[in-house]
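Below: one structure, written as structure tokens.
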Amino acid sequence: MNSVLNAVTGHAAILLAVVAILEGVLTAWLFRRNDELRMRLRRAREAADQAARTAALAAPGGIDPEIVIQLIRSGQSPTLDVVHTLMEQREAADAAADPAEL
């Protein structure tokens, strides 16, 4: 037991350096992994936005794709009732703003 304690205390600087190097390698790997996952998330978000636009344009009744994307980003369910309600609200706001512009 005494010899192990002497070996650890005698080589403490070397052990500390090894631990620091391992932490540095692990940190570099985690940063790289984080960047890769962030890029994948960005691509997935862009693909989801594109799919929402395509689905909204293909839906009957001319659904506004930006409203669908707004609902998805806010975490709400983009049901037809909610989308049509928001579209009506937007149209009413646009109609109210148009006479003021003239």
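Note on naming: chains are A, B, ... as they come in the structure tokens, residues start from 1 per chain, ligands start from 1 in the order shown.
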Write out as a list in words which residues come within 12 Å of stretch 74-78 of chain A when counting only C-alpha atoms, dropping same-chain ones fewer than 3 positions away.
-> Ala52, Ala55, Ala56, Ile63, Asp64, Pro65, Glu66, Ile67, Val68, Ile69, Gln70, Leu71, Asp81, Val82, Val83, His84, Thr85, Leu86 and Met87 of chain A
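Among A:Ala58, A:Arg73, A:Ile14, A:Glu91, the residue with the shortest atom-to-atom distance to A:Arg45, counting only C-alpha atoms, is A:Arg73.
One finds atom CA of A:Gly62 at 16.5 Å from atom CA of A:Ala92.
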Between atom CA of A:Leu30 and atom CA of A:Val8 - distance in Å to one decimal = 29.2 Å
